[in-house]
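Q: My structure file my_file_30.csv, CSV, C-alpha atoms, is below:
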```
chain,number,residue,atom,x,y,z
A,6,MET,CA,35.5,0.1,-11.3
A,7,LYS,CA,38.3,1.2,-9.0
A,8,PRO,CA,39.3,4.8,-9.2
A,9,PHE,CA,42.3,5.7,-11.4
A,10,LYS,CA,44.8,7.8,-9.7
A,11,LEU,CA,45.8,10.6,-12.0
A,12,LYS,CA,49.3,10.6,-10.6
A,13,ASN,CA,49.8,6.9,-11.4
A,14,ILE,CA,48.4,7.3,-14.8
A,15,ALA,CA,50.6,10.3,-15.6
A,16,THR,CA,53.6,8.3,-14.5
A,17,PHE,CA,52.6,5.4,-16.6
A,18,ALA,CA,52.1,7.5,-19.6
A,19,SER,CA,55.5,9.2,-19.4
A,20,LEU,CA,57.2,5.8,-18.9
A,21,VAL,CA,55.7,4.5,-22.1
A,22,LEU,CA,56.9,7.5,-24.0
A,23,PHE,CA,60.3,7.2,-22.4
A,24,VAL,CA,60.7,3.6,-23.4
A,25,CYS,CA,59.6,4.3,-26.9
A,26,THR,CA,62.2,7.0,-27.2
A,27,SER,CA,64.9,4.9,-25.7
A,28,HIS,CA,64.4,2.0,-28.0
A,29,ALA,CA,64.3,4.3,-30.9
A,30,ASP,CA,67.5,5.9,-29.9
A,31,ASN,CA,69.2,2.6,-29.3
A,32,ALA,CA,68.1,1.3,-32.5
A,33,GLY,CA,69.1,4.4,-34.3
A,34,SER,CA,65.7,4.1,-35.9
A,35,ARG,CA,64.3,7.0,-37.8
A,36,THR,CA,60.9,5.7,-37.4
A,37,LEU,CA,58.8,6.4,-34.4
A,38,MET,CA,55.1,6.4,-34.7
A,39,THR,CA,53.3,6.6,-31.6
A,40,GLN,CA,49.9,7.9,-30.7
A,41,SER,CA,48.8,8.5,-27.2
A,42,LYS,CA,45.4,9.8,-26.4
A,43,ALA,CA,44.1,10.8,-23.1
A,44,ARG,CA,40.4,11.5,-22.6
A,45,VAL,CA,39.5,13.3,-19.5
A,46,ILE,CA,36.0,12.9,-18.4
A,47,THR,CA,34.1,14.9,-15.9
A,48,PRO,CA,34.4,13.4,-12.5
A,49,ILE,CA,31.3,12.0,-10.9
A,50,SER,CA,30.0,13.8,-7.9
A,51,ILE,CA,27.0,13.5,-5.6
A,52,VAL,CA,25.4,15.9,-3.2
A,53,ASN,CA,22.7,15.6,-0.6
A,54,THR,CA,20.0,17.6,-2.3
A,55,ASN,CA,18.8,20.5,-0.1
A,56,GLY,CA,20.2,18.6,2.9
A,57,GLN,CA,17.1,16.4,2.7
A,58,GLY,CA,17.7,13.4,4.9
A,59,LEU,CA,15.7,10.2,5.4
A,60,ASP,CA,13.1,11.2,7.9
A,61,PHE,CA,10.7,8.6,9.4
A,62,GLY,CA,8.8,11.4,11.0
A,63,VAL,CA,7.0,10.8,14.3
A,64,VAL,CA,6.0,7.2,15.2
A,65,ALA,CA,3.9,6.2,18.1
A,66,ILE,CA,5.3,3.0,19.4
A,67,GLY,CA,3.1,0.0,19.0
A,68,THR,CA,2.3,-2.9,21.3
A,69,THR,CA,3.8,-5.2,18.8
A,70,ASN,CA,7.1,-5.1,16.9
A,71,SER,CA,6.6,-2.8,13.9
A,72,LYS,CA,8.2,-1.8,10.7
A,73,ILE,CA,7.9,1.7,9.2
A,74,VAL,CA,8.5,2.0,5.5
A,75,VAL,CA,9.7,5.2,3.8
A,76,SER,CA,9.5,4.7,0.1
A,77,ALA,CA,12.2,6.0,-2.2
A,78,SER,CA,10.0,8.7,-3.7
A,79,ALA,CA,9.4,12.4,-3.7
A,80,THR,CA,6.1,11.9,-1.8
A,81,VAL,CA,6.0,9.5,1.0
A,82,VAL,CA,2.8,7.9,2.2
A,83,ALA,CA,2.6,6.6,5.7
A,84,ASN,CA,3.2,2.8,5.6
A,85,VAL,CA,3.5,0.5,8.5
A,86,SER,CA,4.3,-2.9,7.0
A,87,LEU,CA,4.3,-4.8,10.2
A,88,GLY,CA,2.9,-4.3,13.7
A,89,ASN,CA,0.6,-1.7,15.1
A,90,ALA,CA,2.8,1.3,15.5
A,91,VAL,CA,1.3,4.4,14.1
A,92,VAL,CA,2.9,7.1,11.9
A,93,VAL,CA,1.7,10.5,13.1
A,94,THR,CA,0.6,11.9,9.7
A,95,SER,CA,0.7,15.5,10.6
A,96,VAL,CA,4.5,15.3,10.6
A,97,PRO,CA,5.7,14.6,7.0
A,98,GLN,CA,8.1,11.7,6.3
A,99,LYS,CA,10.7,12.2,3.7
A,100,ALA,CA,13.0,10.0,1.6
A,101,ALA,CA,16.6,11.3,1.4
A,102,ALA,CA,17.4,13.2,-1.8
A,103,PHE,CA,20.6,13.1,-3.8
A,104,THR,CA,21.8,14.6,-7.0
A,105,VAL,CA,24.5,13.1,-9.1
A,106,SER,CA,26.5,15.0,-11.7
A,107,GLY,CA,29.3,14.0,-14.1
A,108,GLU,CA,29.9,13.0,-17.7
A,109,ASN,CA,26.7,13.2,-19.6
A,110,GLU,CA,25.1,9.9,-20.6
A,111,LYS,CA,27.6,7.9,-18.6
A,112,THR,CA,26.0,5.2,-16.4
A,113,TYR,CA,26.9,4.8,-12.8
A,114,ALA,CA,26.3,2.3,-10.0
A,115,ILE,CA,24.6,3.3,-6.7
A,116,SER,CA,25.8,1.7,-3.5
A,117,LEU,CA,23.6,1.8,-0.4
A,118,PRO,CA,24.3,0.4,3.1
A,119,GLU,CA,22.9,-3.0,4.1
A,120,SER,CA,21.7,-1.7,7.4
A,121,MET,CA,22.6,1.0,10.0
A,122,GLN,CA,21.6,2.1,13.4
A,123,VAL,CA,20.0,5.3,14.5
A,124,LEU,CA,20.7,6.3,18.0
A,125,SER,CA,19.0,8.2,20.8
A,126,GLY,CA,21.5,8.3,23.7
A,127,SER,CA,22.2,4.7,24.5
A,128,ASN,CA,19.1,3.4,22.7
A,129,SER,CA,19.3,2.3,19.1
A,130,LEU,CA,17.0,1.2,16.2
A,131,ILE,CA,17.8,-0.7,13.1
A,132,VAL,CA,17.3,0.9,9.6
A,133,ASP,CA,17.7,-1.5,6.7
A,134,ASN,CA,16.2,-2.5,3.4
A,135,PHE,CA,17.5,0.7,1.7
A,136,THR,CA,15.9,1.3,-1.7
A,137,CYS,CA,16.7,3.8,-4.4
A,138,SER,CA,14.3,5.4,-6.8
A,139,ASN,CA,16.9,4.8,-9.6
A,140,GLY,CA,17.4,1.2,-8.6
A,141,ALA,CA,21.0,0.1,-8.6
A,142,THR,CA,22.2,2.3,-11.5
A,143,GLY,CA,21.6,5.6,-13.1
A,144,THR,CA,22.6,7.6,-16.1
A,145,ILE,CA,24.0,11.1,-15.9
A,146,GLY,CA,21.6,13.5,-17.5
A,147,LEU,CA,18.7,11.1,-17.3
A,148,ASN,CA,17.8,10.7,-13.6
A,149,ASP,CA,20.3,12.8,-11.7
A,150,LEU,CA,18.0,13.4,-8.8
A,151,PHE,CA,17.2,10.2,-6.9
A,152,TYR,CA,15.6,9.3,-3.6
A,153,VAL,CA,16.6,6.8,-1.0
A,154,GLY,CA,14.1,5.1,1.4
A,155,ALA,CA,14.4,2.4,4.0
A,156,ILE,CA,12.6,0.5,6.7
A,157,LEU,CA,12.8,1.4,10.4
A,158,SER,CA,12.2,-1.4,12.9
A,159,VAL,CA,10.4,-0.2,16.0
A,160,PRO,CA,10.2,-2.9,18.7
A,161,SER,CA,7.3,-2.8,21.1
A,162,ASN,CA,9.8,-2.1,23.9
A,163,ALA,CA,11.5,0.8,22.0
A,164,ALA,CA,12.3,3.8,24.1
A,165,PRO,CA,10.7,7.1,23.1
A,166,GLY,CA,13.1,9.7,21.8
A,167,SER,CA,14.7,11.4,18.9
A,168,TYR,CA,16.8,9.0,16.9
A,169,GLN,CA,19.5,10.1,14.5
A,170,GLY,CA,22.2,8.6,12.4
A,171,THR,CA,24.0,8.8,9.0
A,172,PHE,CA,24.5,6.6,6.1
A,173,THR,CA,26.8,6.7,3.1
A,174,VAL,CA,25.7,6.6,-0.5
A,175,THR,CA,28.4,5.9,-3.1
A,176,VAL,CA,28.2,6.4,-6.8
A,177,SER,CA,30.8,5.1,-9.3
A,178,TYR,CA,31.0,5.1,-13.0
A,179,ASN,CA,30.3,1.8,-14.6
B,220,MET,CA,77.6,-7.8,-48.9
B,221,LEU,CA,78.8,-5.4,-46.4
B,222,ILE,CA,75.9,-3.2,-47.2
B,223,TYR,CA,73.5,-6.1,-46.6
B,224,THR,CA,75.2,-7.0,-43.4
B,225,ARG,CA,74.9,-3.5,-42.1
B,226,ILE,CA,71.3,-3.3,-43.1
B,227,ILE,CA,70.4,-6.6,-41.4
B,228,SER,CA,72.4,-5.6,-38.4
B,229,SER,CA,70.6,-2.3,-38.3
B,230,MET,CA,67.2,-3.9,-38.8
B,231,LYS,CA,67.8,-6.2,-35.9
B,232,ARG,CA,68.1,-3.2,-33.7
B,233,ILE,CA,65.3,-1.3,-35.3
B,234,VAL,CA,62.4,-1.2,-33.1
B,235,VAL,CA,59.6,0.3,-35.0
B,236,PHE,CA,56.6,1.3,-33.1
B,237,VAL,CA,54.2,1.2,-36.0
B,238,LEU,CA,51.3,2.2,-34.0
B,239,LEU,CA,51.2,2.6,-30.3
B,240,PHE,CA,47.7,3.5,-29.8
B,241,THR,CA,47.2,4.2,-26.2
B,242,VAL,CA,44.0,5.6,-24.9
B,243,PHE,CA,43.9,6.8,-21.4
B,244,PHE,CA,40.6,7.4,-19.8
B,245,ILE,CA,41.6,9.6,-17.1
B,246,SER,CA,38.9,9.8,-14.6
B,247,LEU,CA,39.7,12.3,-12.0
B,248,SER,CA,37.1,10.8,-9.7
B,249,ALA,CA,35.3,7.7,-10.8
B,250,GLN,CA,33.7,7.1,-7.5
B,251,THR,CA,32.4,9.4,-4.8
B,252,SER,CA,30.3,9.2,-1.7
B,253,VAL,CA,28.1,11.4,0.3
B,254,VAL,CA,26.6,11.1,3.7
B,255,GLY,CA,22.9,11.4,4.3
B,256,ARG,CA,21.1,11.8,7.6
B,257,VAL,CA,18.4,9.6,9.1
B,258,GLU,CA,16.0,10.7,11.7
B,259,ALA,CA,13.0,9.2,13.5
B,260,GLU,CA,11.1,10.3,16.6
B,261,LEU,CA,9.4,7.7,18.6
B,262,VAL,CA,6.6,8.7,21.0
B,263,VAL,CA,4.5,6.8,23.4
B,264,PRO,CA,1.2,5.6,22.0
B,265,VAL,CA,-1.8,7.7,22.9
B,266,SER,CA,-3.9,6.2,25.6
B,267,ALA,CA,-7.0,7.1,27.4
B,268,ILE,CA,-8.8,6.2,30.6
B,269,GLU,CA,-12.5,6.9,31.4
B,270,THR,CA,-12.7,9.2,34.4
B,271,ASP,CA,-16.4,9.7,34.4
B,272,LEU,CA,-19.5,7.9,33.1
B,273,LEU,CA,-21.8,9.6,30.6
B,274,ASN,CA,-24.7,9.7,33.0
B,275,PHE,CA,-28.1,11.1,32.0
B,276,GLY,CA,-29.3,10.9,35.6
B,277,ARG,CA,-32.6,10.0,37.2
B,278,ILE,CA,-35.5,10.6,34.8
B,279,VAL,CA,-39.2,10.5,35.3
B,280,VAL,CA,-40.9,9.2,32.2
B,281,GLU,CA,-44.5,10.2,31.4
B,282,ALA,CA,-46.8,8.9,28.7
B,283,GLY,CA,-45.2,10.2,25.6
B,284,GLY,CA,-41.5,9.8,26.2
B,285,GLY,CA,-38.9,12.3,25.2
B,286,SER,CA,-35.2,12.9,25.1
B,287,ILE,CA,-32.4,14.1,27.3
B,288,GLN,CA,-29.5,16.0,25.8
B,289,ILE,CA,-26.2,16.4,27.5
B,290,SER,CA,-23.8,18.8,25.9
B,291,SER,CA,-20.1,18.2,26.1
B,292,SER,CA,-19.9,21.5,28.1
B,293,GLY,CA,-22.1,19.9,30.7
B,294,GLU,CA,-25.6,21.3,30.1
B,295,ARG,CA,-28.6,19.0,30.3
B,296,ILE,CA,-31.9,19.7,28.5
B,297,ALA,CA,-35.0,17.6,28.7
B,298,THR,CA,-37.4,17.5,25.7
B,299,GLY,CA,-40.9,16.0,25.6
B,300,ASN,CA,-42.7,14.2,28.4
B,301,VAL,CA,-39.7,13.5,30.6
B,302,LEU,CA,-38.7,15.1,33.8
B,303,LEU,CA,-35.3,15.5,35.4
B,304,ALA,CA,-35.6,14.0,38.9
B,305,ASP,CA,-32.4,15.5,40.3
B,306,ASP,CA,-29.1,17.2,39.3
B,307,ASN,CA,-27.0,14.1,39.4
B,308,PHE,CA,-25.7,13.7,35.9
B,309,SER,CA,-22.4,14.0,34.1
B,310,THR,CA,-20.8,14.2,30.7
B,311,GLY,CA,-18.5,11.3,29.8
B,312,LYS,CA,-14.9,12.2,30.6
B,313,PHE,CA,-11.6,10.8,29.4
B,314,GLN,CA,-8.1,11.6,30.3
B,315,LEU,CA,-5.6,11.2,27.5
B,316,SER,CA,-2.0,10.4,27.8
B,317,GLY,CA,0.4,11.0,24.9
B,318,MET,CA,3.2,13.0,23.5
B,319,PRO,CA,3.4,16.4,25.1
B,320,GLU,CA,2.2,19.2,22.8
B,321,SER,CA,0.8,16.7,20.2
B,322,LEU,CA,-2.6,16.9,18.7
B,323,VAL,CA,-5.0,14.0,19.2
B,324,SER,CA,-8.2,13.5,17.3
B,325,MET,CA,-11.1,11.5,18.4
B,326,VAL,CA,-13.7,9.4,16.6
B,327,LEU,CA,-17.1,9.2,18.3
B,328,PRO,CA,-19.7,6.5,17.7
B,329,GLN,CA,-21.4,7.2,14.4
B,330,LEU,CA,-24.3,4.8,15.0
B,331,PRO,CA,-26.9,4.9,17.8
B,332,GLN,CA,-25.8,2.9,20.9
B,333,LYS,CA,-28.1,0.8,23.1
B,334,LEU,CA,-28.6,1.0,26.8
B,335,TYR,CA,-30.0,-2.2,28.2
B,336,MET,CA,-32.3,-2.5,31.2
B,337,SER,CA,-30.7,-4.4,34.0
B,338,SER,CA,-33.8,-6.4,34.8
B,339,GLY,CA,-35.5,-6.8,31.5
B,340,ASN,CA,-35.2,-6.7,27.7
B,341,GLN,CA,-36.1,-3.1,27.2
B,342,THR,CA,-33.5,-0.7,25.7
B,343,LEU,CA,-32.9,2.9,25.4
B,344,THR,CA,-31.0,4.6,22.5
B,345,VAL,CA,-28.2,7.1,22.8
B,346,ASP,CA,-27.2,9.0,19.7
B,347,LYS,CA,-25.7,12.3,18.6
B,348,PHE,CA,-22.4,12.0,20.5
B,349,THR,CA,-20.5,15.2,20.7
B,350,SER,CA,-17.2,16.2,22.3
B,351,ASP,CA,-15.3,19.3,23.3
B,352,VAL,CA,-12.3,18.3,21.1
B,353,PRO,CA,-11.5,21.2,18.8
B,354,VAL,CA,-11.7,20.7,15.1
B,355,GLY,CA,-7.9,20.6,14.8
B,356,GLY,CA,-7.5,18.1,17.5
B,357,GLN,CA,-7.0,18.0,21.3
B,358,ILE,CA,-3.6,19.3,22.3
B,359,VAL,CA,-1.8,17.2,24.9
B,360,ARG,CA,-0.3,19.3,27.7
B,361,GLN,CA,3.3,20.0,27.6
B,362,SER,CA,3.7,19.8,31.3
B,363,ASP,CA,2.4,16.3,32.0
B,364,GLY,CA,1.5,14.8,28.6
B,365,LYS,CA,-2.2,14.6,29.5
B,366,ALA,CA,-5.5,16.1,28.4
B,367,GLU,CA,-9.1,15.9,29.5
B,368,ILE,CA,-12.0,15.4,27.1
B,369,SER,CA,-15.8,15.6,27.8
B,370,ILE,CA,-18.4,13.8,25.8
B,371,GLY,CA,-22.1,14.5,25.5
B,372,ALA,CA,-24.9,12.7,23.7
B,373,THR,CA,-28.7,12.5,23.5
B,374,LEU,CA,-30.8,9.8,25.2
B,375,TYR,CA,-34.1,8.9,23.6
B,376,ILE,CA,-36.8,7.5,25.9
B,377,GLY,CA,-40.0,5.8,24.8
B,378,ASN,CA,-43.2,5.9,26.8
B,379,ASN,CA,-43.5,4.3,30.2
B,380,LEU,CA,-44.7,1.1,28.7
B,381,SER,CA,-41.8,0.5,26.3
B,382,ASN,CA,-39.3,1.9,28.9
B,383,PRO,CA,-40.5,0.9,32.3
B,384,ALA,CA,-38.7,2.2,35.4
B,385,GLY,CA,-35.3,0.6,36.0
B,386,PHE,CA,-31.6,0.9,35.5
B,387,TYR,CA,-30.3,1.1,32.0
B,388,SER,CA,-26.7,0.9,31.0
B,389,GLY,CA,-24.5,0.3,28.0
B,390,SER,CA,-21.2,1.3,26.5
B,391,TYR,CA,-19.7,3.2,23.7
B,392,GLU,CA,-16.4,3.3,22.0
B,393,VAL,CA,-14.2,6.2,21.1
B,394,VAL,CA,-11.0,6.0,19.2
B,395,PHE,CA,-8.1,8.4,19.8
B,396,THR,CA,-5.3,8.9,17.3
B,397,TYR,CA,-2.4,11.3,16.9
B,398,ASN,CA,-3.1,13.9,14.2
```
Can I see the file as structure tokens?

A:
Amino acid sequence: MKPFKLKNIATFASLVLFVCTSHADNAGSRTLMTQSKARVITPISIVNTNGQGLDFGVVAIGTTNSKIVVSASATVVANVSLGNAVVVTSVPQKAAAFTVSGENEKTYAISLPESMQVLSGSNSLIVDNFTCSNGATGTIGLNDLFYVGAILSVPSNAAPGSYQGTFTVTVSYN
Amino acid sequence: MLIYTRIISSMKRIVVFVLLFTVFFISLSAQTSVVGRVEAELVVPVSAIETDLLNFGRIVVEAGGGSIQISSSGERIATGNVLLADDNFSTGKFQLSGMPESLVSMVLPQLPQKLYMSSGNQTLTVDKFTSDVPVGGQIVRQSDGKAEISIGATLYIGNNLSNPAGFYSGSYEVVFTYN
């Protein structure tokens, strides 16, 4: 659902009322029954809870191309789905945390990126297969806090370093 | 007639909005986005090379056999009817390479390992492997990303019939992982 613009809606509403009045005047009518309702709902908002980002932790590069999975959950268990890279378990991995607020009981859709890159200088790695602990939708008041996980691809020829990037999470009322 | 005409004429122009029911859902913001961070630190895999053999030295075996213990700190003790012929012995030594300031743990053989006589079928047994790796793990030096580890063990020797004089050798496996 595309966002309404308050300004446009207000303009539209006043035009309707104007037309009604004009017609009534022209007709010399004494009857004008009009009912206009406006329901203002709480806007939807989302914050990055406690600034908790998606953290793959420390990964020892493997001799084969590897994939590191961070699940969309409060507690992440080291998971190498492909290859022989090793997650250094003394450094915790974390799924990104987000909190949604808005009109109670209203459902919303969650949009995650298809893929993105994390960078370390001129080197880059691919992060994709984003998942959300709420799935594709949520309900305000029911599961306001959700987690986002993804898969990091670590080629065997990856360069050591600290990789960083950002991704966008979008929520919209259904 | 005039009255009817005026009424009809008037009705033509009458626009009656019986019910204009308009509901506006005004959503001040029906969609919003936030940016999340992604982080990953890639480090070189831990690796190790053997820099010294675990060498129990030259041993004189008497009738009853015995054992030789080498501690990871480099002390050698003979127990039973075996004699140490010289001081040429060493702990096993490895040099680690890995992420500077990281902690590396090591898994030693949990089962006895065999040493095989070079010119026969006789064997010796090595057991009770120990190392000088601290409980919390071996820290890799910040300066060069390396660390040295020493390994000790105990060699069991039978009598001079079951273990005739000769050269015995074998291998053992240790596994290093980042903590």

Q: Can you work out which one of B:Gln288, B:Ser321, B:Asn340, B:Asn398 has the shortest atom-to-atom distance to B:Ala372, counting only C-alpha atoms?

A: B:Gln288

Q: B:Ile278: which residues within 6 Å, counting all atoms listed in the file, same-chain residues fewer than 3 positions away excluded, as an NGL selection string?

A: :B and (302-304)

Q: Just give me the gap between atom CA of A:Phe135 and atom CA of A:Ser50 in Å, one decimal is fine.

A: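 Distance reported for this atom pair: 20.5 Å.
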
Q: Would you work out the distance separating atom CA of A:Ala114 from atom CA of B:Thr251, expressed in Å to one decimal?

A: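 Atom CA of B:Thr251 lies at a distance of 10.7 Å from atom CA of A:Ala114.
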
Q: Between atom CA of A:Met121 and atom CA of A:Ala163, measure the distance and give it in Å to one decimal.

A: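 Here the two named atoms are 16.3 Å from each other.
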
Q: List as a PyMOL selection string the protein and nucleic acid residues near A:Thr54, meaning an atom at most 6 Å away when all atoms listed in the file are counted, but skip any in the same chain fewer than 5 places from it.

A: chain A and resi 102-104

Q: What lies within 10 Å of A:Leu124 using all atoms listed in the file, ignoring chain neighbours under 6 positions off, as a compact mmCIF listing (two decimals) with C-alpha atoms, keeping the file's coordinate frame?

A:
```txt
# COMPACT_ATOMS: atom_id res chain seq x y z
CA LEU A 130 17.00 1.20 16.20
CA ILE A 131 17.80 -0.70 13.10
CA GLY A 166 13.10 9.70 21.80
CA SER A 167 14.70 11.40 18.90
CA TYR A 168 16.80 9.00 16.90
CA GLN A 169 19.50 10.10 14.50
CA GLY A 170 22.20 8.60 12.40
CA THR A 171 24.00 8.80 9.00
CA VAL B 257 18.40 9.60 9.10
CA GLU B 258 16.00 10.70 11.70
CA ALA B 259 13.00 9.20 13.50
```

Q: Within 10 Å of B:Ile289, counting all atoms listed in the file, which residues show up once you throw out same-chain ones fewer than 2 positions away? Write them as a PyMOL selection string, please.

A: chain B and resi 273-275+286-287+291-297+308-311+347-349+370-374

Q: Identify every residue of chain A that has at least one atom within 6 Å of any atom of chain B, counting all atoms listed in the file, and report the result as a ChimeraX atom specification.

A: /A:8,32,34,37-46,48-50,58-66,93,95,165-178

Q: Hey, can I get the axis-aligned box for stretch 79-83 of chain A? All listed atoms, 4 Å padding on each side, centre and edge lengths in Å to one decimal, as lines of an AutoDock Vina configuration file.

A:
```
center_x = 6.0
center_y = 9.5
center_z = 1.0
size_x = 14.8
size_y = 13.8
size_z = 17.4
```

Q: For B:Glu269, list every protein, DNA or RNA residue within 6 Å, evaluated using all atoms listed in the file, and leave out those in the same chain fewer than 2 positions away; present the list as JSON, numbers by chain.

A: {"B": [271, 312, 313]}

Q: Got a minute to add N, CA and C atoms to stretch 50-64 of chain A and dump it as a PDB file, in the frame of the given file?

A:
```pdb
ATOM      1  N   SER A  50      30.149  13.224  -9.204  1.00  0.00           N
ATOM      2  CA  SER A  50      30.000  13.800  -7.900  1.00  0.00           C
ATOM      3  C   SER A  50      28.550  13.623  -7.412  1.00  0.00           C
ATOM      4  N   ILE A  51      28.359  13.689  -6.139  1.00  0.00           N
ATOM      5  CA  ILE A  51      27.000  13.500  -5.600  1.00  0.00           C
ATOM      6  C   ILE A  51      26.857  14.462  -4.393  1.00  0.00           C
ATOM      7  N   VAL A  52      25.701  15.055  -4.316  1.00  0.00           N
ATOM      8  CA  VAL A  52      25.400  15.900  -3.200  1.00  0.00           C
ATOM      9  C   VAL A  52      24.073  15.514  -2.569  1.00  0.00           C
ATOM     10  N   ASN A  53      23.924  15.820  -1.318  1.00  0.00           N
ATOM     11  CA  ASN A  53      22.700  15.600  -0.600  1.00  0.00           C
ATOM     12  C   ASN A  53      21.761  16.778  -0.887  1.00  0.00           C
ATOM     13  N   THR A  54      20.793  16.558  -1.752  1.00  0.00           N
ATOM     14  CA  THR A  54      20.000  17.600  -2.300  1.00  0.00           C
ATOM     15  C   THR A  54      19.226  18.383  -1.177  1.00  0.00           C
ATOM     16  N   ASN A  55      19.481  19.658  -1.086  1.00  0.00           N
ATOM     17  CA  ASN A  55      18.800  20.500  -0.100  1.00  0.00           C
ATOM     18  C   ASN A  55      18.993  19.967   1.334  1.00  0.00           C
ATOM     19  N   GLY A  56      19.985  19.153   1.525  1.00  0.00           N
ATOM     20  CA  GLY A  56      20.200  18.600   2.900  1.00  0.00           C
ATOM     21  C   GLY A  56      19.066  17.686   3.312  1.00  0.00           C
ATOM     22  N   GLN A  57      18.288  17.184   2.336  1.00  0.00           N
ATOM     23  CA  GLN A  57      17.100  16.400   2.700  1.00  0.00           C
ATOM     24  C   GLN A  57      17.499  14.984   3.109  1.00  0.00           C
ATOM     25  N   GLY A  58      17.348  14.691   4.387  1.00  0.00           N
ATOM     26  CA  GLY A  58      17.700  13.400   4.900  1.00  0.00           C
ATOM     27  C   GLY A  58      16.519  12.427   4.866  1.00  0.00           C
ATOM     28  N   LEU A  59      16.777  11.216   5.317  1.00  0.00           N
ATOM     29  CA  LEU A  59      15.700  10.200   5.400  1.00  0.00           C
ATOM     30  C   LEU A  59      15.022  10.380   6.725  1.00  0.00           C
ATOM     31  N   ASP A  60      13.783  10.811   6.657  1.00  0.00           N
ATOM     32  CA  ASP A  60      13.100  11.200   7.900  1.00  0.00           C
ATOM     33  C   ASP A  60      11.834  10.297   8.050  1.00  0.00           C
ATOM     34  N   PHE A  61      11.852   9.505   9.105  1.00  0.00           N
ATOM     35  CA  PHE A  61      10.700   8.600   9.400  1.00  0.00           C
ATOM     36  C   PHE A  61       9.594   9.351  10.107  1.00  0.00           C
ATOM     37  N   GLY A  62       9.807  10.618  10.387  1.00  0.00           N
ATOM     38  CA  GLY A  62       8.800  11.400  11.000  1.00  0.00           C
ATOM     39  C   GLY A  62       8.575  11.018  12.480  1.00  0.00           C
ATOM     40  N   VAL A  63       7.341  11.116  12.924  1.00  0.00           N
ATOM     41  CA  VAL A  63       7.000  10.800  14.300  1.00  0.00           C
ATOM     42  C   VAL A  63       6.209   9.484  14.327  1.00  0.00           C
ATOM     43  N   VAL A  64       6.669   8.550  15.107  1.00  0.00           N
ATOM     44  CA  VAL A  64       6.000   7.200  15.200  1.00  0.00           C
ATOM     45  C   VAL A  64       5.613   6.936  16.589  1.00  0.00           C
TER      46      VAL A  64
END
```
